[in-house]
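As structure tokens, the structure follows; a few thoughts come after it.
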2 protein chains.
Amino acid sequence: MNGQYTVSTYLLQRLQEIGIKHLFGVPGDYNLDFLDDVMESSIKWVGNCNELNAGYATDGYARLNGIGAAVVTYGVGGFSIINAVAGAYAEHVPMIIINGAPPARRREAGAMVHHLVSNYYLQFDIFKKITIDATLLVDPVTAPEEIDRVISNCLAHKLPGYIELPADITHAPCHAPVGSLIVQPLISNTDSLDECTKEAAGLLNKSANPLILAGVELLRFGLGKEALQLIETSEVTFATMLSSKSVVPELHPQFTGIYQGGWSKEAVRLQVENSDCLLSLGALMTDTDTGLFSINLDTRRMITVGGGQVRIGNHIYDQVHLGDFIRELTLLAEPRSYLASHPAVSFSPRQNFVAEPSCELTAPRLYECINSYLDDQMILLSEPGDSFCATPEFNIEEAENFIVQAYYCSIGFCTPAALGVALARPAKRPVVLTGDGAFQMTAQEVSTLIREHCPAVIIIINNDGYLIERRLHKDGMYNDIQNWQYSKLPDVFCNGPLVAGTKFVASIKVTTEEELELAMKVAVAEKDKLVFIEVSLQNRTCSKGLERLGNSYKMSLQKQ
Amino acid sequence: MNGQYTVSTYLLQRLQEIGIKHLFGVPGDYNLDFLDDVMESSIKWVGNCNELNAGYATDGYARLNGIGAAVVTYGVGGFSIINAVAGAYAEHVPMIIINGAPPARRREAGAMVHHLVSNYYLQFDIFKKITIDATLLVDPVTAPEEIDRVISNCLAHKLPGYIELPADITHAPCHAPVGSLIVQPLISNTDSLDECTKEAAGLLNKSANPLILAGVELLRFGLGKEALQLIETSEVTFATMLSSKSVVPELHPQFTGIYQGGWSKEAVRLQVENSDCLLSLGALMTDTDTGLFSINLDTRRMITVGGGQVRIGNHIYDQVHLGDFIRELTLLAEPRSYLASHPAVSFSPRQNFVAEPSCELTAPRLYECINSYLDDQMILLSEPGDSFCATPEFNIEEAENFIVQAYYCSIGFCTPAALGVALARPAKRPVVLTGDGAFQMTAQEVSTLIREHCPAVIIIINNDGYLIERRLHKDGMYNDIQNWQYSKLPDVFCNGPLVAGTKFVASIKVTTEEELELAMKVAVAEKDKLVFIEVSLQNRTCSKGLERLGNSYKMSLQKQ
């Protein structure tokens with residue numbers, strides 16, 4: 001890079017500073033000048049089959065890397081990635097969307113250029129609604145500050161940001177970066193913080209059976225270690241939720257289990273709901289995390305922290321942030337000899353799977369088997385559907401080893417997200433657990449996993465359509481999908497000099513317990529390959545979790 | 001259907017009335033009650049692999065059927081279909097999006113339900129921006145009028161409409177339809193209409209070399225026949241544009257060719273630009289239709305009709321609609337013995353293709369060959385990319401036999417759109433001409449074409465990535481994509497009882513002229529099959545059209 005910065009090289013430098021090593025997306029004529037500079041930079045370009053897939057890959061990357069970014073082109077690209085950005089907003093995942101736009105002279109003339117829908121501010125207006133901050137760069141003089149502001153807000157709030165980059169601004173000269181990018185932290189009001197942590201400590205220390213509910217904001221704001229310290233200092237039992245599974249290690253002796261309201265194991269439910277001081281740290285009371293709102297929690301006995309607020313009983317402290325609260329409370333929390341008298345109802349340790357000879361697979365046995373083969377070097381991506389219902393019971397030790405879009409629940413997310421995960425954590429291995437309906441949504445991104453030599457394990461549960469909908473509702477024909485020969489698909493995606501002769505892919509189809517066991521052994525042994533396993537579950541069996549969900553969903557409808 | 005209507009059965013009846021025979025989309029828990037009623041109706045449910053594909057299929061269907069509709073679920077579905085809706089808005093295609101939403105009690109409580117991004121009005125607010133009319137149904141008493149208004153506006157303006165259908169409104173009782181749906185026509189101001197047609201007729205009748213430019217609004221508003229009548233009554237020469245190709249038959253003796261500014265054939269360009277009375281009927285001056293704004297038209301000698309206005313020279317008549325204008329002007333136009341002295345520079349008739357033995361294919365020869373095999377029972381879908389540049393020169397007789405997203409240019413459109421085309425015109429056959437990059441975007445929808453037994457011809461031009469971008473810009477690595485074994489893909493999508501043993505698909509890979517010729521013969525002979533042809537153009541040759549575009553694109557950049 002020579003001495004003179006352009007808007008493009010400025011942006012690239014800031015992206016590098018915040019730890020972006022890969023950029024996802026799809027080229028288009030309005031972003032090619034920017035992509036030329038990407039090619040000259042140390043950031044690797046990872047082209048995707050389409051923009052929605054690029055968005056999911058960016059989300060998966062950001063969940064592990066702390067931030068991700070995608071490049072799309074105007075209109076067709078911007079509107080195609082929206083669902084991934086909306087999902088990242090819902091789930092508090094920071095990603096930056098860089099949208100190449102027509103040059104200023106076209107905008108100023110209101111010219112009808114290709115990819116334009118109606119007016120030149122339409123996309124900017126829409127992205128403002130699904131990002132924490134958005135900018136349409138119109139002036140190279142102010143562009144650096146605009147870029148810094150969007151990135152900083154994105155990182156501080158852990159939400160998506162949007163930068164619209166007109167083609168003629170891309171290579172316009174601008175000033176050099178002034179120091180490193182400063183991310184403005186979220187600042188707590190010190191008086192409120194002081195008062196509320198004292199009140200909370202008083203309640204916690206004198207309580208008979210306190211419990212900490214470790215929620216998803218701990219994951220998103222990277223506060224798992226702080227939460228663990230509070231848990232260990234106070235010696236208070238803790239539970240997690242589906243969306244925050246493993247944010248504090250599940251083998252911890254103070255762990256009691258996953259709380260999901262009426263869907264919880266009974267012992268966990270009682271322990272949470274009967275606590276005389278329930279400290280909720282960053283939990284979001286979404287339908288999927290609360291067993292369709294089947295929780296029974298008494299606000300009067302709760303301390304609820306999250307979204308910049310602390311609520312104790314029925315009063316609220318504003319402008320107190322989760323990290324500050326946890327750190328301060330840890331200083332005030334008194335250790336208690338709690339565990340001796342209240343043993344936690346912790347998870348059963350991982351069991352070995354022993355296949356029954358010649359036994360047709362069922363869903364519960366499938367999940368038992370997969371659970372038994374997971375290890376700490378694998379990152380499980382669990383797709384909304386039956387996988388999503390089964391995996392809360394899996395044994396996952398490290399927070400980053402479990403990825404689920406537990407709230408937004410966009411099916412098709414996991415396959416492209418695995419690409420982002422693989423590139424963000426090359427020392428680990430993504431394991432995708434997805435249904436056939438979800439897989440069809442974004443199937444082509446397997447080709448990018450192959451191109452990038454990501455040794456993912458992709459497990460397609462072929463249960464003949466949208467099983468979760470058959471179980472939640474009636475078995476309508478709309479749940480039938482075209483059946484594919486899934487296990488033949490990876491071979492289609494392998495062509496040309498990049499992978500020829502390397503046998504990078506192993507593809508296996510299984511229908512019995514023994515075949516599954518064998519396939520999982522291959523997956524473990526062939527750790528440098530992409531292993532693709534089609535599991536035929538034409539018997540349409542489902543996990544115990546989905547059975548519970550189906551019953552409670554129908555009950556919740558009857559209450560209407 | 002029993003005597004009592006529900007919002008759902010009301011909506012279905014209106015959809016039937018306006019000619020909807022197929023509904024595209026993806027099921028999700030918030031729309032299942034509605035889908036149950038769809039299954040009971042005479043409308044056929046056509047599930048898609050994902051929502052964007054459903055949107056493209058709906059667009060293709062609407063272009064031929066006059067209207068289309070898609071059903072998606074909240075959030076994940078609504079946001080995934082947006083790009084197709086934005087494209088339909090840009091291209092004036094009427095389609096109705098029915099979005100299943102959470103029940104009112106959740107909305108009123110602001111509950112965090114799955115698929116919710118931030119607030120319950122977000123999607124409604126966004127869809128308002130890319131539709132002519134949108135409604136969020138909250139009351140079964142007013143729902144019928146809301147539904148009627150949205151559908152009527154959609155049909156009158158030929159633009160998308162949006163209906164958000166909360167799950168608890170779906171089966172709520174409502175009043176029966178009052179008569180048939182009345183589509184409020186666009187009403188011209190009779191005084192303005194009278195004055196401007198008189199003025200226009202005066203100019204046209206006394207002009208020495210008038211020319212009619214038949215634009216895309218003629219297609220969208222179904223005014224091809226009216227335009228033809230004006231052309232034949234007045235005996236004026238006419239040109240079309242890329243987006244309106246064949247709106248008036250190309251074999252017509254008054255047809256001069258396709259006008260695209262500086263990209264036009266020279267004789268056509270001169271005839272249009274030197275006309276002393278250029279009557280532009282519904283032409284949109286988009287970059288792709290004007291050869292990147294390389295037109296040279298003199299406003300003082302033009303009559304421009306479209307968007308509800310007529311502009312003559314430098315004055316404007318408001319509230320005069322295209323159809324009314326054409327019909328009135330036809331009454332006033334004087335026949336002229338024009339053709340004898342001004343022979344039109346019409347298209348060359350279709351040539352037979354004769355393969356050179358053992359000759360490696362090039363792009364120009366590929367297009368020659370395909371053009372020679374098209375007939376009036378085929379509907380060509382031409383993908384933005386090299387296909388888009390080559391096909392203006394193809395011989396297409398009927399307006400509906402050529403489909404191109406000439407303005408919005410969303411790559412990946414054509415494969416799913418072919419599904420809609422096939423279902424809207426079962427007596428004809430869609431022929432998709434697409435590049436490898438575009439095909440990868442939406443490849444899985446081939447499986448729905450197979451499931452629905454649509455005998456499409458799909459021609460994948462495998463030219464090793466994003467060829468159009470290599471030609472418009474520099475040959476960056478970002479234009480490389482993973483090479484697939486495309487011809488093996490259809491086999492992956494054939495599984496299970498639906499198609500086993502029927503050999504519904506023929507898949508062929510070609511690299512020489514002779515192989516291509518043979519493949520096209522198979523395509524023509526096997527008219528009840530889906531014929532899939534992978535054309536290997538690893539030599540990266542391109543059409544003459546793209547060569548012209550590349551040169552003029554680079555020239556337009558130099559002018560900046």
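Chain labels A, B, ... are given in the sequence in which chains occur in the structure tokens; within each chain residues are numbered consecutively from 1, and ligands are likewise numbered from 1 in the order shown.
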**Item:** All strand (DSSP E or B) positions in stretch 190-388 of chain A, as a ChimeraX atom specification
**Value:** /A:210-214,237-240,255-258,260,262,277-281,286,302-306,309-312,315-318,360,378-382
Would you write out those residues with N, CA, C and O atoms, as a compact mmCIF listing (two decimals), in the first residue's frame?
# COMPACT_ATOMS: atom_id res chain seq x y z
N PRO A 210 -30.12 -19.83 45.95
CA PRO A 210 -29.97 -18.97 44.78
C PRO A 210 -29.63 -19.80 43.54
O PRO A 210 -29.18 -20.94 43.66
N LEU A 211 -29.88 -19.23 42.37
CA LEU A 211 -29.52 -19.90 41.12
C LEU A 211 -29.19 -18.85 40.06
O LEU A 211 -29.87 -17.83 39.96
N ILE A 212 -28.15 -19.11 39.33
CA ILE A 212 -27.77 -18.21 38.23
C ILE A 212 -28.22 -18.82 36.91
O ILE A 212 -27.91 -19.97 36.61
N LEU A 213 -28.98 -18.01 36.17
CA LEU A 213 -29.41 -18.44 34.84
C LEU A 213 -28.50 -17.73 33.83
O LEU A 213 -28.57 -16.52 33.66
N ALA A 214 -27.61 -18.49 33.23
CA ALA A 214 -26.61 -17.92 32.32
C ALA A 214 -27.20 -17.83 30.92
O ALA A 214 -27.44 -18.85 30.28
N THR A 237 -25.26 -22.48 42.23
CA THR A 237 -25.63 -23.39 41.13
C THR A 237 -26.04 -22.56 39.91
O THR A 237 -26.57 -21.46 40.06
N PHE A 238 -25.80 -23.10 38.72
CA PHE A 238 -26.25 -22.36 37.53
C PHE A 238 -26.91 -23.29 36.53
O PHE A 238 -26.65 -24.49 36.48
N ALA A 239 -27.77 -22.65 35.75
CA ALA A 239 -28.38 -23.33 34.60
C ALA A 239 -28.06 -22.50 33.36
O ALA A 239 -27.72 -21.33 33.46
N THR A 240 -28.18 -23.12 32.19
CA THR A 240 -28.07 -22.36 30.94
C THR A 240 -29.40 -22.49 30.20
O THR A 240 -30.36 -23.05 30.73
N PHE A 255 -23.17 -27.03 37.69
CA PHE A 255 -24.14 -26.96 36.58
C PHE A 255 -25.32 -27.88 36.86
O PHE A 255 -25.13 -29.06 37.19
N THR A 256 -26.50 -27.35 36.67
CA THR A 256 -27.67 -28.19 36.94
C THR A 256 -28.36 -28.68 35.67
O THR A 256 -28.99 -29.74 35.67
N GLY A 257 -28.25 -27.92 34.59
CA GLY A 257 -28.89 -28.36 33.35
C GLY A 257 -29.41 -27.19 32.55
O GLY A 257 -29.12 -26.03 32.85
N ILE A 258 -30.15 -27.51 31.50
CA ILE A 258 -30.68 -26.48 30.60
C ILE A 258 -32.12 -26.19 30.97
O ILE A 258 -32.95 -27.11 31.05
N GLN A 260 -35.66 -24.68 30.10
CA GLN A 260 -36.51 -24.32 28.97
C GLN A 260 -37.97 -24.33 29.39
O GLN A 260 -38.83 -24.84 28.67
N GLY A 262 -41.35 -25.33 30.64
CA GLY A 262 -42.02 -26.63 30.73
C GLY A 262 -41.35 -27.75 29.95
O GLY A 262 -41.69 -28.91 30.11
N CYS A 277 -33.77 -16.78 44.92
CA CYS A 277 -33.05 -15.64 44.33
C CYS A 277 -32.48 -16.08 42.99
O CYS A 277 -31.40 -16.67 42.91
N LEU A 278 -33.26 -15.81 41.95
CA LEU A 278 -32.84 -16.23 40.61
C LEU A 278 -32.16 -15.05 39.92
O LEU A 278 -32.77 -14.02 39.67
N LEU A 279 -30.87 -15.23 39.65
CA LEU A 279 -30.09 -14.18 39.00
C LEU A 279 -29.97 -14.52 37.51
O LEU A 279 -29.25 -15.43 37.12
N SER A 280 -30.71 -13.75 36.69
CA SER A 280 -30.73 -14.01 35.25
C SER A 280 -29.72 -13.10 34.58
O SER A 280 -29.85 -11.88 34.59
N LEU A 281 -28.67 -13.69 34.02
CA LEU A 281 -27.59 -12.92 33.39
C LEU A 281 -27.71 -13.00 31.87
O LEU A 281 -27.31 -13.98 31.26
N THR A 286 -37.17 -15.74 24.95
CA THR A 286 -37.78 -16.05 23.65
C THR A 286 -38.62 -17.32 23.77
O THR A 286 -38.47 -18.08 24.72
N MET A 302 -36.54 -12.32 41.56
CA MET A 302 -35.56 -12.35 40.46
C MET A 302 -34.72 -11.08 40.38
O MET A 302 -35.19 -9.98 40.68
N ILE A 303 -33.47 -11.29 39.93
CA ILE A 303 -32.61 -10.19 39.53
C ILE A 303 -32.32 -10.44 38.04
O ILE A 303 -31.74 -11.47 37.69
N THR A 304 -32.75 -9.51 37.21
CA THR A 304 -32.66 -9.73 35.76
C THR A 304 -31.72 -8.70 35.14
O THR A 304 -31.97 -7.50 35.22
N VAL A 305 -30.63 -9.19 34.57
CA VAL A 305 -29.62 -8.29 34.00
C VAL A 305 -29.55 -8.52 32.49
O VAL A 305 -29.50 -9.67 32.05
N GLY A 306 -29.54 -7.44 31.73
CA GLY A 306 -29.43 -7.59 30.27
C GLY A 306 -29.97 -6.37 29.55
O GLY A 306 -30.77 -5.60 30.11
N GLN A 309 -29.75 -2.96 31.36
CA GLN A 309 -30.60 -2.71 32.52
C GLN A 309 -30.42 -3.79 33.57
O GLN A 309 -30.07 -4.92 33.26
N VAL A 310 -30.72 -3.40 34.83
CA VAL A 310 -30.86 -4.42 35.87
C VAL A 310 -32.23 -4.22 36.51
O VAL A 310 -32.60 -3.10 36.88
N ARG A 311 -32.96 -5.30 36.61
CA ARG A 311 -34.26 -5.23 37.25
C ARG A 311 -34.22 -6.11 38.49
O ARG A 311 -33.93 -7.31 38.42
N ILE A 312 -34.51 -5.52 39.63
CA ILE A 312 -34.57 -6.31 40.87
C ILE A 312 -36.00 -6.21 41.37
O ILE A 312 -36.50 -5.11 41.61
N HIS A 315 -38.24 -2.97 40.51
CA HIS A 315 -37.62 -1.68 40.16
C HIS A 315 -36.45 -1.91 39.21
O HIS A 315 -35.85 -2.98 39.16
N ILE A 316 -36.14 -0.86 38.44
CA ILE A 316 -35.19 -0.98 37.35
C ILE A 316 -34.04 0.01 37.52
O ILE A 316 -34.27 1.18 37.85
N TYR A 317 -32.83 -0.48 37.32
CA TYR A 317 -31.65 0.40 37.21
C TYR A 317 -31.29 0.50 35.73
O TYR A 317 -31.01 -0.52 35.10
N ASP A 318 -31.28 1.73 35.22
CA ASP A 318 -30.92 1.91 33.81
C ASP A 318 -29.41 2.06 33.66
O ASP A 318 -28.71 2.40 34.63
N GLU A 360 -32.51 -51.09 12.20
CA GLU A 360 -32.87 -49.86 11.49
C GLU A 360 -32.72 -48.69 12.46
O GLU A 360 -33.08 -48.77 13.62
N MET A 378 -14.40 -30.41 17.89
CA MET A 378 -15.51 -30.32 16.94
C MET A 378 -16.47 -29.20 17.37
O MET A 378 -16.74 -29.03 18.56
N ILE A 379 -16.95 -28.49 16.39
CA ILE A 379 -17.93 -27.43 16.64
C ILE A 379 -19.24 -27.88 16.01
O ILE A 379 -19.33 -28.00 14.79
N LEU A 380 -20.22 -28.13 16.85
CA LEU A 380 -21.50 -28.64 16.35
C LEU A 380 -22.40 -27.49 15.91
O LEU A 380 -22.63 -26.54 16.68
N LEU A 381 -22.89 -27.55 14.69
CA LEU A 381 -23.90 -26.60 14.21
C LEU A 381 -25.22 -27.34 14.11
O LEU A 381 -25.34 -28.29 13.33
N SER A 382 -26.18 -26.91 14.87
CA SER A 382 -27.44 -27.64 14.98
C SER A 382 -28.55 -26.84 14.32
O SER A 382 -28.87 -25.73 14.71
**Prompt:** Tell me, which residues of stretch 36-161 of chain B carry DSSP helix (DSSP H, G or I), written as number ranges by chain?
**Reply:** B: 36-40, 51-65, 76-91, 104-109, 122-129, 143-157
**Request:** Tell me, as a PyMOL selection string, which residues lie within 9 Å of A:Gly476, counting only C-alpha atoms; anything in the same chain fewer than 3 positions away does not count.
**Result:** (chain A and resi 469-470+473+479-480) or (chain B and resi 32+35-36+39)
**Request:** Within 6 Å of stretch 395-400 of chain B, counting only C-alpha atoms, which residues show up once you throw out same-chain ones fewer than 5 positions away? Write them as a VMD selection string, please.
**Result:** chain B and resid 246 to 247 249 to 250
Could the residues in this selection be written to a file with N, CA and C atoms, as a JSON list (two decimals), in the first residue's frame?
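The file below, again_26.json, is the result:
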[["chain", "number", "residue", "atom", "x", "y", "z"],
["B", 246, "SER", "N", -39.84, -8.45, -28.84],
["B", 246, "SER", "CA", -40.96, -9.25, -29.36],
["B", 246, "SER", "C", -42.32, -8.83, -28.86],
["B", 247, "VAL", "N", -42.43, -7.69, -28.17],
["B", 247, "VAL", "CA", -43.77, -7.28, -27.72],
["B", 247, "VAL", "C", -44.68, -7.06, -28.93],
["B", 249, "PRO", "N", -44.55, -8.49, -32.94],
["B", 249, "PRO", "CA", -43.78, -9.58, -33.56],
["B", 249, "PRO", "C", -42.61, -9.10, -34.42],
["B", 250, "GLU", "N", -41.50, -9.78, -34.30],
["B", 250, "GLU", "CA", -40.28, -9.36, -34.98],
["B", 250, "GLU", "C", -40.31, -9.66, -36.48]]
**Message:** I'd like to know which of B:Ile403, B:Ala134, B:Ile169, B:Val272 is closest to B:Arg149, using only C-alpha atoms.
**Reply:** B:Ala134
**Request:** Compute the set of chain A residues within 7 Å of chain B, using only C-alpha atoms, and express it as a ChimeraX atom specification.
**Result:** /A:27,29,36,47,49-50,76,79-80,82-83,86-87,89-90,112-118,126,285-288,407-410,440-441,444,447-448,451,469,476,478,482-486,488-489,492-496
**Item:** Contacts of B:Leu516 within 9 Å, only C-alpha atoms, excl. fewer than 3 positions in-chain, as an MDAnalysis selection string
**Value:** chainID B and resid 355 361 366 369:370 509:513 519:521 533 535
**Item:** Nearest to B:Glu514, chosen from B:Ala200, B:Val354, B:Ile460, B:Leu537, with only C-alpha atoms counted in the distances
**Value:**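 The shortest atom-to-atom distance to B:Glu514 comes from B:Val354.
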**Residue neighbourhood A:Ala104, 10 Å, only C-alpha atoms, exclusion window fewer than 6 positions, as a list in words** = Gly110, Tyr120, Leu137, Val138, Asp139, Pro166, Ala167, Asp168 and Ile169 of chain A
I need the chosen residues saved as a compact mmCIF listing (two decimals), in the first residue's frame, with C-alpha atoms.
# COMPACT_ATOMS: atom_id res chain seq x y z
CA GLY A 110 -31.74 9.55 -10.65
CA TYR A 120 -31.27 5.40 -4.49
CA LEU A 137 -20.65 7.04 1.75
CA VAL A 138 -20.99 10.13 -0.42
CA ASP A 139 -17.85 12.08 0.40
CA PRO A 166 -20.58 3.85 -4.37
CA ALA A 167 -18.24 2.73 -7.14
CA ASP A 168 -16.78 6.20 -7.64
CA ILE A 169 -16.03 6.69 -3.94
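Atom to atom, atom CA of B:Leu15 and atom CA of B:Leu218 stand 24.3 Å apart.
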For B:Gly308, work out the shell of residues within 7 Å, counting only C-alpha atoms and skipping chain neighbours fewer than 6 positions away, then give it as a PDB file with N, CA, C and O atoms, in the first residue's frame.
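As a result, around_17.pdb now contains:
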ATOM      1  N   ASP B 318     -50.433  15.235 -17.549  1.00  0.00           N
ATOM      2  CA  ASP B 318     -50.524  14.261 -16.460  1.00  0.00           C
ATOM      3  C   ASP B 318     -51.779  13.411 -16.591  1.00  0.00           C
ATOM      4  O   ASP B 318     -52.726  13.798 -17.293  1.00  0.00           O
ATOM      5  N   GLN B 319     -51.753  12.298 -15.886  1.00  0.00           N
ATOM      6  CA  GLN B 319     -52.936  11.417 -15.780  1.00  0.00           C
ATOM      7  C   GLN B 319     -53.468  10.985 -17.150  1.00  0.00           C
ATOM      8  O   GLN B 319     -54.661  11.077 -17.422  1.00  0.00           O
ATOM      9  N   VAL B 320     -52.549  10.586 -18.001  1.00  0.00           N
ATOM     10  CA  VAL B 320     -52.953   9.966 -19.265  1.00  0.00           C
ATOM     11  C   VAL B 320     -52.254   8.604 -19.318  1.00  0.00           C
ATOM     12  O   VAL B 320     -51.022   8.532 -19.247  1.00  0.00           O
ATOM     13  N   HIS B 321     -53.049   7.564 -19.393  1.00  0.00           N
ATOM     14  CA  HIS B 321     -52.469   6.230 -19.301  1.00  0.00           C
ATOM     15  C   HIS B 321     -52.216   5.638 -20.683  1.00  0.00           C
ATOM     16  O   HIS B 321     -52.901   5.952 -21.653  1.00  0.00           O
ATOM     17  N   LEU B 322     -51.224   4.786 -20.701  1.00  0.00           N
ATOM     18  CA  LEU B 322     -50.679   4.262 -21.942  1.00  0.00           C
ATOM     19  C   LEU B 322     -51.757   3.633 -22.831  1.00  0.00           C
ATOM     20  O   LEU B 322     -51.834   3.919 -24.037  1.00  0.00           O
TER      21      LEU B 322
END
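Using only C-alpha atoms, the smallest distance between any of B:Met555, B:Cys414, B:Ile326, B:Val93 and B:Tyr56 comes from B:Cys414.
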**Asked** How far is it from atom CA of B:Arg269 to atom CA of B:Gly215, in Å with one decimal?
**Response**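 Between atom CA of B:Arg269 and atom CA of B:Gly215 the gap works out to 15.6 Å.
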**Message:** Under the rule that only C-alpha atoms are counted, which of B:Phe34, B:Tyr367, B:Phe124, B:Phe24 is the nearest residue to B:Tyr10?
**Reply:** B:Phe34
